[in-house]
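Structure file entry_19.tsv; described as TSV, C-alpha atoms.
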```tsv
chain	number	residue	atom	x	y	z
A	1	MET	CA	83.11	99.65	75.57
A	2	LEU	CA	86.48	99.22	73.88
A	3	ASP	CA	86.53	99.98	70.17
A	4	ARG	CA	90.11	101.18	69.77
A	5	VAL	CA	93.49	100.72	71.41
A	6	LEU	CA	96.77	102.52	71.09
A	7	LEU	CA	99.75	100.28	70.48
A	8	ALA	CA	102.69	101.10	72.76
A	9	THR	CA	105.60	99.85	70.77
A	10	ALA	CA	108.49	101.29	68.80
A	11	ASN	CA	109.22	97.91	67.22
A	12	PRO	CA	107.61	97.81	63.75
A	13	LYS	CA	107.79	94.00	63.49
A	14	LYS	CA	106.08	93.57	66.83
A	15	ALA	CA	103.44	96.13	65.81
A	16	GLN	CA	102.84	94.22	62.57
A	17	GLU	CA	102.27	90.98	64.51
A	18	ILE	CA	99.88	92.58	66.98
A	19	ILE	CA	97.89	94.32	64.23
A	20	ARG	CA	97.65	90.97	62.42
A	21	LEU	CA	96.47	89.21	65.60
A	22	LEU	CA	93.83	91.87	66.32
A	23	SER	CA	92.68	92.21	62.70
A	24	SER	CA	89.55	90.10	63.08
A	25	SER	CA	88.59	91.48	66.51
A	26	GLY	CA	86.80	94.64	65.37
A	27	ILE	CA	89.10	96.67	67.61
A	28	GLU	CA	90.79	99.54	65.78
A	29	VAL	CA	94.53	99.66	66.39
A	30	ILE	CA	96.05	103.13	66.56
A	31	LEU	CA	99.78	103.66	66.18
A	32	PRO	CA	101.34	106.56	68.10
A	33	ASP	CA	102.59	109.41	65.89
A	34	ARG	CA	105.94	109.24	67.67
A	35	SER	CA	107.57	106.69	69.89
A	36	LEU	CA	108.24	107.52	73.52
A	37	GLN	CA	111.50	106.66	75.21
A	38	VAL	CA	110.33	104.43	78.03
A	39	GLU	CA	112.98	103.01	80.29
A	40	GLU	CA	112.31	99.34	80.85
A	41	GLY	CA	113.36	99.64	84.43
A	42	GLY	CA	110.90	97.07	85.66
A	43	CYS	CA	112.10	93.90	87.28
A	44	SER	CA	109.64	91.72	85.37
A	45	PHE	CA	107.91	91.41	82.02
A	46	LEU	CA	104.60	92.44	83.55
A	47	GLU	CA	106.11	95.55	85.12
A	48	ASN	CA	107.84	96.55	81.87
A	49	ALA	CA	104.67	96.12	79.83
A	50	TYR	CA	102.78	98.11	82.46
A	51	LEU	CA	105.33	100.95	82.41
A	52	LYS	CA	105.24	101.17	78.61
A	53	ALA	CA	101.46	101.16	78.46
A	54	ARG	CA	101.21	103.77	81.21
A	55	ALA	CA	103.64	106.14	79.48
A	56	TYR	CA	101.59	106.11	76.27
A	57	TRP	CA	98.30	106.36	78.14
A	58	GLU	CA	99.59	109.44	79.92
A	59	ARG	CA	100.45	111.15	76.64
A	60	TYR	CA	97.51	110.06	74.48
A	61	GLY	CA	94.69	109.26	76.93
A	62	ILE	CA	93.61	106.25	74.89
A	63	PRO	CA	93.41	102.69	76.29
A	64	THR	CA	96.83	101.32	75.50
A	65	LEU	CA	98.11	97.87	74.63
A	66	ALA	CA	101.71	96.99	75.44
A	67	ASP	CA	103.62	93.77	75.19
A	68	ASP	CA	106.76	92.78	76.96
A	69	SER	CA	108.20	89.50	75.98
A	70	GLY	CA	111.37	87.53	75.96
A	71	LEU	CA	113.16	84.23	75.88
A	72	VAL	CA	113.76	82.29	79.09
A	73	VAL	CA	116.44	79.59	79.09
A	74	PRO	CA	116.49	77.47	82.27
A	75	SER	CA	120.07	76.26	81.70
A	76	LEU	CA	121.15	79.93	81.57
A	77	GLU	CA	119.52	80.73	84.92
A	78	GLY	CA	116.53	82.19	83.11
A	79	TYR	CA	118.55	84.58	80.94
A	80	PRO	CA	118.11	86.41	78.54
A	81	GLY	CA	114.75	86.97	80.31
A	82	VAL	CA	113.82	90.63	80.75
A	83	PHE	CA	117.10	91.51	79.02
A	84	SER	CA	116.15	89.66	75.81
A	85	SER	CA	116.16	92.70	73.50
A	86	ARG	CA	119.49	94.02	74.79
A	87	PHE	CA	121.15	90.78	75.87
A	88	TYR	CA	124.29	91.56	73.83
A	89	GLN	CA	125.05	94.64	75.93
A	90	ILE	CA	124.70	93.31	79.47
A	91	GLU	CA	127.64	92.25	81.64
A	92	TRP	CA	126.24	88.79	82.42
A	93	GLY	CA	127.75	86.21	80.06
A	94	GLY	CA	130.04	88.79	78.45
A	95	ARG	CA	129.19	91.50	75.94
A	96	GLU	CA	128.98	91.19	72.16
A	97	GLU	CA	129.61	93.86	69.54
A	98	VAL	CA	126.81	94.85	67.17
A	99	THR	CA	128.26	94.24	63.72
A	100	GLU	CA	124.98	93.86	61.81
A	101	THR	CA	121.80	94.16	63.89
A	102	GLU	CA	121.02	93.96	67.59
A	103	ASP	CA	119.05	90.76	66.93
A	104	GLU	CA	122.13	89.23	65.35
A	105	ALA	CA	124.35	90.23	68.30
A	106	ASN	CA	121.81	88.84	70.79
A	107	ILE	CA	121.64	85.52	68.95
A	108	ARG	CA	125.43	85.31	68.67
A	109	LYS	CA	125.72	85.70	72.44
A	110	LEU	CA	122.99	83.14	73.09
A	111	LEU	CA	124.55	80.52	70.80
A	112	ARG	CA	127.97	81.11	72.37
A	113	LEU	CA	126.60	80.58	75.88
A	114	MET	CA	124.65	77.48	74.80
A	115	GLU	CA	127.73	75.78	73.33
A	116	GLY	CA	128.02	72.30	74.79
A	117	LYS	CA	124.81	72.59	76.84
A	118	GLU	CA	122.83	69.35	77.06
A	119	ASP	CA	119.64	71.03	78.24
A	120	ARG	CA	118.55	73.30	75.39
A	121	ARG	CA	114.93	73.77	76.48
A	122	ALA	CA	113.61	77.31	76.49
A	123	TYR	CA	110.38	79.21	76.34
A	124	PHE	CA	109.17	82.44	74.88
A	125	VAL	CA	106.87	84.36	77.16
A	126	ALA	CA	104.72	87.40	76.45
A	127	TYR	CA	102.88	89.62	78.89
A	128	VAL	CA	100.26	91.72	77.20
A	129	VAL	CA	98.84	94.61	79.18
A	130	LEU	CA	95.82	96.69	78.39
A	131	TYR	CA	96.10	99.88	80.43
A	132	ALA	CA	93.14	102.18	80.86
A	133	GLY	CA	94.25	104.50	83.64
A	134	ASP	CA	93.04	103.23	86.97
A	135	TRP	CA	92.41	99.69	85.80
A	136	GLY	CA	93.98	97.20	83.49
A	137	VAL	CA	94.04	93.63	82.32
A	138	TRP	CA	96.99	91.44	81.57
A	139	THR	CA	97.38	88.06	79.97
A	140	GLU	CA	100.36	85.78	79.73
A	141	GLY	CA	101.27	83.44	76.88
A	142	ARG	CA	104.06	80.90	76.73
A	143	CYS	CA	105.58	78.86	73.97
A	144	TRP	CA	107.96	76.04	74.97
A	145	GLY	CA	110.62	74.77	72.61
A	146	SER	CA	114.37	74.42	72.29
A	147	ILE	CA	117.39	76.39	71.13
A	148	THR	CA	119.06	75.23	67.91
A	149	THR	CA	122.82	75.26	67.34
A	150	GLU	CA	122.58	77.56	64.31
A	151	ARG	CA	120.25	80.12	62.68
A	152	ARG	CA	117.56	78.91	60.30
A	153	GLY	CA	114.90	80.94	58.49
A	154	ASN	CA	114.43	84.63	57.84
A	155	ARG	CA	110.91	85.38	59.00
A	156	GLY	CA	109.84	86.85	62.33
A	157	PHE	CA	112.32	88.71	64.49
A	158	GLY	CA	114.33	88.49	67.70
A	159	TYR	CA	115.38	84.96	68.60
A	160	ASP	CA	112.98	83.34	66.12
A	161	PRO	CA	115.79	81.90	63.90
A	162	VAL	CA	117.21	79.80	66.77
A	163	PHE	CA	113.99	78.66	68.49
A	164	VAL	CA	112.12	75.50	67.53
A	165	PRO	CA	108.66	75.34	69.08
A	166	GLU	CA	107.62	72.06	70.69
A	167	GLY	CA	105.98	69.66	68.27
A	168	ASP	CA	107.71	71.15	65.23
A	169	HIS	CA	111.13	70.73	63.66
A	170	ARG	CA	111.29	74.14	62.00
A	171	THR	CA	112.46	77.30	63.73
A	172	MET	CA	109.98	80.07	64.47
A	173	ALA	CA	111.63	82.02	61.62
A	174	GLU	CA	110.73	79.24	59.17
A	175	LEU	CA	107.00	79.30	59.99
A	176	SER	CA	104.44	81.27	58.02
A	177	PRO	CA	102.95	84.24	59.88
A	178	GLU	CA	99.72	82.26	60.48
A	179	GLU	CA	101.64	79.25	61.78
A	180	LYS	CA	103.71	81.46	64.10
A	181	ASP	CA	100.58	83.19	65.46
A	182	SER	CA	98.91	79.88	66.25
A	183	VAL	CA	101.74	78.65	68.51
A	184	SER	CA	103.51	81.82	69.60
A	185	HIS	CA	103.56	83.28	73.10
A	186	ARG	CA	102.23	86.58	71.71
A	187	GLY	CA	99.43	84.86	69.81
A	188	LYS	CA	98.33	82.98	72.92
A	189	ALA	CA	98.42	86.07	75.14
A	190	LEU	CA	96.49	88.21	72.66
A	191	ARG	CA	93.80	85.58	72.06
A	192	LYS	CA	93.25	85.38	75.83
A	193	LEU	CA	93.02	89.16	76.03
A	194	LEU	CA	90.48	89.30	73.21
A	195	HIS	CA	88.42	86.66	74.93
A	196	ILE	CA	88.33	88.79	78.08
A	197	LEU	CA	87.62	92.04	76.21
A	198	LYS	CA	84.63	90.52	74.47
A	199	TYR	CA	82.87	90.69	77.84
A	200	PHE	CA	83.65	94.37	78.17
A	201	THR	CA	82.69	95.21	74.64
A	202	TYR	CA	79.54	93.18	74.18
A	203	GLY	CA	78.99	91.80	77.70
B	1	MET	CA	82.26	82.91	85.95
B	2	LEU	CA	83.75	84.08	89.23
B	3	ASP	CA	81.83	83.02	92.31
B	4	ARG	CA	84.65	82.82	94.83
B	5	VAL	CA	88.05	84.35	95.46
B	6	LEU	CA	90.85	83.50	97.81
B	7	LEU	CA	92.15	86.40	99.86
B	8	ALA	CA	95.95	86.64	99.81
B	9	THR	CA	96.67	88.45	103.02
B	10	ALA	CA	98.09	87.69	106.42
B	11	ASN	CA	96.79	90.99	107.81
B	12	PRO	CA	93.51	90.34	109.65
B	13	LYS	CA	92.46	94.01	109.61
B	14	LYS	CA	92.99	94.23	105.87
B	15	ALA	CA	91.07	90.96	105.40
B	16	GLN	CA	88.20	92.34	107.48
B	17	GLU	CA	87.99	95.44	105.28
B	18	ILE	CA	88.07	93.48	102.04
B	19	ILE	CA	85.41	91.02	103.25
B	20	ARG	CA	83.24	93.98	104.25
B	21	LEU	CA	83.72	95.64	100.84
B	22	LEU	CA	82.87	92.44	98.97
B	23	SER	CA	79.99	91.45	101.23
B	24	SER	CA	77.24	92.66	98.91
B	25	SER	CA	78.88	91.38	95.71
B	26	GLY	CA	77.74	87.77	95.85
B	27	ILE	CA	81.36	86.65	95.59
B	28	GLU	CA	82.35	84.20	98.30
B	29	VAL	CA	85.60	85.18	100.03
B	30	ILE	CA	87.81	82.30	101.10
B	31	LEU	CA	90.58	82.77	103.64
B	32	PRO	CA	93.70	80.61	103.27
B	33	ASP	CA	94.17	78.04	106.04
B	34	ARG	CA	97.72	79.28	106.53
B	35	SER	CA	99.55	82.39	105.48
B	36	LEU	CA	102.42	82.12	103.04
B	37	GLN	CA	105.67	83.98	103.49
B	38	VAL	CA	105.80	86.05	100.33
B	39	GLU	CA	108.75	88.34	99.90
B	40	GLU	CA	107.54	91.73	98.73
B	41	GLY	CA	110.54	92.08	96.48
B	42	GLY	CA	108.66	93.98	93.83
B	43	CYS	CA	109.65	97.50	92.98
B	44	SER	CA	106.04	98.73	92.86
B	45	PHE	CA	102.67	98.23	94.53
B	46	LEU	CA	101.34	96.46	91.45
B	47	GLU	CA	104.27	94.07	91.36
B	48	ASN	CA	103.95	93.29	95.08
B	49	ALA	CA	100.23	92.62	94.81
B	50	TYR	CA	100.87	90.46	91.78
B	51	LEU	CA	103.58	88.43	93.58
B	52	LYS	CA	101.33	87.85	96.60
B	53	ALA	CA	98.36	86.78	94.50
B	54	ARG	CA	100.51	84.49	92.39
B	55	ALA	CA	102.00	82.73	95.41
B	56	TYR	CA	98.55	81.90	96.81
B	57	TRP	CA	97.21	80.93	93.40
B	58	GLU	CA	100.09	78.49	93.00
B	59	ARG	CA	99.29	76.78	96.30
B	60	TYR	CA	95.49	76.82	96.22
B	61	GLY	CA	94.57	77.02	92.52
B	62	ILE	CA	91.70	79.41	93.26
B	63	PRO	CA	91.38	82.89	91.69
B	64	THR	CA	93.15	85.08	94.20
B	65	LEU	CA	92.67	88.64	95.33
B	66	ALA	CA	95.64	90.57	96.71
B	67	ASP	CA	96.05	94.15	97.74
B	68	ASP	CA	99.22	96.13	98.05
B	69	SER	CA	98.83	99.58	99.37
B	70	GLY	CA	100.69	102.34	101.07
B	71	LEU	CA	101.10	105.97	101.88
B	72	VAL	CA	102.89	108.29	99.45
B	73	VAL	CA	104.18	111.62	100.76
B	74	PRO	CA	105.49	113.95	98.03
B	75	SER	CA	107.54	116.05	100.46
B	76	LEU	CA	109.30	112.83	101.55
B	77	GLU	CA	110.24	111.93	97.95
B	78	GLY	CA	107.32	109.53	97.82
B	79	TYR	CA	108.25	107.61	100.97
B	80	PRO	CA	107.03	105.51	102.81
B	81	GLY	CA	105.65	104.20	99.46
B	82	VAL	CA	106.22	100.50	98.90
B	83	PHE	CA	107.95	100.40	102.30
B	84	SER	CA	104.85	101.61	104.17
B	85	SER	CA	104.33	98.50	106.30
B	86	ARG	CA	108.00	98.27	107.32
B	87	PHE	CA	109.00	101.93	107.14
B	88	TYR	CA	110.42	101.86	110.68
B	89	GLN	CA	113.07	99.31	109.71
B	90	ILE	CA	114.50	100.82	106.54
B	91	GLU	CA	117.71	102.85	106.40
B	92	TRP	CA	116.14	105.87	104.65
B	93	GLY	CA	115.21	108.53	107.19
B	94	GLY	CA	116.73	106.54	110.06
B	95	ARG	CA	115.37	103.47	111.83
B	96	GLU	CA	112.92	103.35	114.73
B	97	GLU	CA	112.60	100.72	117.46
B	98	VAL	CA	109.35	98.79	117.81
B	99	THR	CA	108.26	99.45	121.39
B	100	GLU	CA	104.54	98.73	120.98
B	101	THR	CA	103.42	97.76	117.49
B	102	GLU	CA	104.94	98.06	114.01
B	103	ASP	CA	102.16	100.52	113.10
B	104	GLU	CA	103.16	102.70	116.04
B	105	ALA	CA	106.85	102.65	115.06
B	106	ASN	CA	105.99	103.50	111.45
B	107	ILE	CA	103.85	106.45	112.52
B	108	ARG	CA	106.52	107.68	114.95
B	109	LYS	CA	109.06	107.73	112.11
B	110	LEU	CA	106.64	109.49	109.76
B	111	LEU	CA	105.76	112.22	112.28
B	112	ARG	CA	109.46	112.73	113.07
B	113	LEU	CA	110.31	113.20	109.37
B	114	MET	CA	107.33	115.52	108.85
B	115	GLU	CA	108.35	117.87	111.67
B	116	GLY	CA	108.45	121.41	110.34
B	117	LYS	CA	107.28	120.44	106.84
B	118	GLU	CA	104.99	123.00	105.20
B	119	ASP	CA	103.73	120.62	102.54
B	120	ARG	CA	101.85	117.88	104.41
B	121	ARG	CA	99.88	116.52	101.45
B	122	ALA	CA	99.86	112.77	101.00
B	123	TYR	CA	97.83	110.05	99.40
B	124	PHE	CA	96.96	106.48	100.18
B	125	VAL	CA	97.07	104.23	97.17
B	126	ALA	CA	95.87	100.65	96.77
B	127	TYR	CA	96.52	98.26	93.95
B	128	VAL	CA	94.10	95.36	93.96
B	129	VAL	CA	94.99	92.39	91.80
B	130	LEU	CA	92.80	89.49	90.85
B	131	TYR	CA	95.08	86.69	89.66
B	132	ALA	CA	93.71	83.72	87.80
B	133	GLY	CA	96.83	82.08	86.41
B	134	ASP	CA	97.53	83.24	82.92
B	135	TRP	CA	95.37	86.35	83.15
B	136	GLY	CA	94.53	88.95	85.70
B	137	VAL	CA	92.90	92.28	86.36
B	138	TRP	CA	94.11	95.13	88.48
B	139	THR	CA	92.53	98.31	89.69
B	140	GLU	CA	94.02	101.31	91.42
B	141	GLY	CA	92.39	103.52	94.02
B	142	ARG	CA	93.71	106.72	95.56
B	143	CYS	CA	92.71	108.85	98.49
B	144	TRP	CA	94.30	112.28	98.80
B	145	GLY	CA	94.62	114.02	102.14
B	146	SER	CA	97.19	115.36	104.56
B	147	ILE	CA	99.35	114.22	107.45
B	148	THR	CA	98.43	115.48	110.91
B	149	THR	CA	100.95	116.43	113.58
B	150	GLU	CA	99.64	113.89	116.09
B	151	ARG	CA	97.64	110.66	116.27
B	152	ARG	CA	93.85	110.83	116.50
B	153	GLY	CA	91.32	108.00	116.58
B	154	ASN	CA	91.61	104.27	117.16
B	155	ARG	CA	89.82	102.68	114.24
B	156	GLY	CA	91.35	101.30	111.07
B	157	PHE	CA	95.03	100.39	110.96
B	158	GLY	CA	98.38	101.47	109.54
B	159	TYR	CA	98.73	105.22	109.10
B	160	ASP	CA	94.99	105.88	109.55
B	161	PRO	CA	95.43	107.83	112.84
B	162	VAL	CA	97.61	110.49	111.17
B	163	PHE	CA	95.85	110.84	107.80
B	164	VAL	CA	92.98	113.27	107.19
B	165	PRO	CA	91.20	112.60	103.89
B	166	GLU	CA	90.44	115.60	101.68
B	167	GLY	CA	87.10	117.23	102.46
B	168	ASP	CA	87.05	115.98	106.04
B	169	HIS	CA	88.61	117.17	109.27
B	170	ARG	CA	88.73	113.81	111.03
B	171	THR	CA	91.51	111.28	110.60
B	172	MET	CA	90.83	108.02	108.81
B	173	ALA	CA	90.96	106.35	112.25
B	174	GLU	CA	88.07	108.53	113.45
B	175	LEU	CA	85.73	107.51	110.61
B	176	SER	CA	83.17	104.73	110.89
B	177	PRO	CA	83.95	101.63	108.77
B	178	GLU	CA	81.28	102.69	106.24
B	179	GLU	CA	82.68	106.22	106.03
B	180	LYS	CA	86.21	104.89	105.58
B	181	ASP	CA	85.10	102.51	102.81
B	182	SER	CA	83.38	105.29	100.89
B	183	VAL	CA	86.53	107.46	100.61
B	184	SER	CA	89.40	105.03	101.05
B	185	HIS	CA	91.88	103.96	98.39
B	186	ARG	CA	90.96	100.31	99.05
B	187	GLY	CA	87.24	101.01	98.78
B	188	LYS	CA	87.71	102.79	95.46
B	189	ALA	CA	89.92	100.08	94.01
B	190	LEU	CA	87.60	97.26	95.08
B	191	ARG	CA	84.48	98.96	93.73
B	192	LYS	CA	86.20	99.35	90.36
B	193	LEU	CA	87.19	95.71	90.42
B	194	LEU	CA	83.65	94.60	91.22
B	195	HIS	CA	82.36	96.73	88.37
B	196	ILE	CA	84.74	94.94	85.99
B	197	LEU	CA	84.00	91.48	87.39
B	198	LYS	CA	80.28	91.94	86.87
B	199	TYR	CA	80.96	91.63	83.16
B	200	PHE	CA	82.77	88.34	83.68
B	201	THR	CA	80.20	86.95	86.03
B	202	TYR	CA	76.96	88.00	84.41
B	203	GLY	CA	78.21	89.53	81.12
```
Could you write out this structure as structure tokens?
Amino acid sequence: MLDRVLLATANPKKAQEIIRLLSSSGIEVILPDRSLQVEEGGCSFLENAYLKARAYWERYGIPTLADDSGLVVPSLEGYPGVFSSRFYQIEWGGREEVTETEDEANIRKLLRLMEGKEDRRAYFVAYVVLYAGDWGVWTEGRCWGSITTERRGNRGFGYDPVFVPEGDHRTMAELSPEEKDSVSHRGKALRKLLHILKYFTYG
Amino acid sequence: MLDRVLLATANPKKAQEIIRLLSSSGIEVILPDRSLQVEEGGCSFLENAYLKARAYWERYGIPTLADDSGLVVPSLEGYPGVFSSRFYQIEWGGREEVTETEDEANIRKLLRLMEGKEDRRAYFVAYVVLYAGDWGVWTEGRCWGSITTERRGNRGFGYDPVFVPEGDHRTMAELSPEEKDSVSHRGKALRKLLHILKYFTYG
């Protein structure tokens, strides 16, 4: 029933991860020939993923996979949360200039706000949505860990260099791609989705 | 895989419809022993249905079915929309007093705002969510029609007395339960959901 999906993302590193995670599923992953400007106006990860997937579905008419994910820090009232990818530019906690990359500015703000915090627990969360017009499936994946006091590692993207997953001592950016996939929020969410889709495809 | 669902609704007429629509599915419908106060703070039908289902899931730990639905009128900028059940009390378009029932006040406001409108097209839309913790399925159902100039019929609930579904001349409130189910937004959404769940249950 489902032999191909369109990937609704303009983030090449996220696309790379998702393609890697789906590589053994038999589902063909199609990348859009251009990226759509979708306002992430939703008030939640699920809503944002849904809005992205819907926008691409409406243009291409192919079942569409979208991911919305972020970092949730309880001692920062849940921030960066849905603002994870543009944390540096929001009012809350004060803005940061982009001097190198947006990721760098986001991390700089996070580390500044975490200075002196005892409770450094945090989790990454991913909502993956498969949108097929008048129906859809979503899955959620979480990865608990803690925020370091400085950057370590150069793999991955986003907040990976300052996040140590539970049960490890290395940051997410120090893990191999296979190690990251096995513990990451995105890996967990996509494995759940594949498990569900198996029923549609071969059920 | 799925032999029972909890119904996340405090609206007995909605519960009655959903039980009727699921009656031949083999899925046992469980009603909660008390209704939870869930703030419908979502910015969309999907988000509201999701929030309701999640709240009941968190209390009961049983896969939960929730519906959020409403009436969308293009010539009223999409209102009542997500405010359908409490349209009478929102600022937009002016408030109405409840003299009999909330349904009556909502309809009175709608008919007042539709006075003199040429374009009386509208649609009912239902988002049905099945929430099972870290995954879920949703389906959407729509029923296009038009708004009458006065109430007719005493079946159904909500805006049924002033909504004539396309291809009919009677209002939704003049249809038999079976006729309503066959054309209604909720009927369409639930049949799609059952079709999907068959794969989980017997797939």
CA of Ile90 (chain A) to CA of Arg112 (chain A), distance in Å rounded to a single decimal
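Between CA of Ile90 (chain A) and CA of Arg112 (chain A) the gap works out to 14.5 Å.
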With a distance cut-off of 6 Å and only C-alpha atoms, select the neighbouring residues of region 164-178 of chain B, excluding the residue or stretch itself and same-chain residues fewer than 5 positions from it, and output the selection as a list in words.
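Once the adjacent positions are removed, what remains is Trp144, Gly145, Ser146, Gly153, Asn154, Arg155 and Gly156 of chain B.
Note that the spacing between CA of Leu190 (chain A) and CA of Ile62 (chain B) amounts to 22.9 Å.
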With distances taken over only C-alpha atoms, which residue among A:Gln16, A:Ser75, A:Ser35, A:Ser85 lies nearest Glu104 (chain A)?
A:Ser85
Starting from chain A, keep only residues with some atom at most 12 Å from an atom of chain B, counting all atoms listed in the file, and report them as a ChimeraX atom specification.
/A:1,41-51,125-142,185,188-203
Counting all atoms listed in the file, figure out which residue out of B:Gly70, B:Gly26, B:Gly116, B:Pro63 gets nearest to Val82 (chain B).
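Of B:Gly70, B:Gly26, B:Gly116, B:Pro63, the one nearest Val82 (chain B) is B:Gly70, counting all atoms listed in the file.
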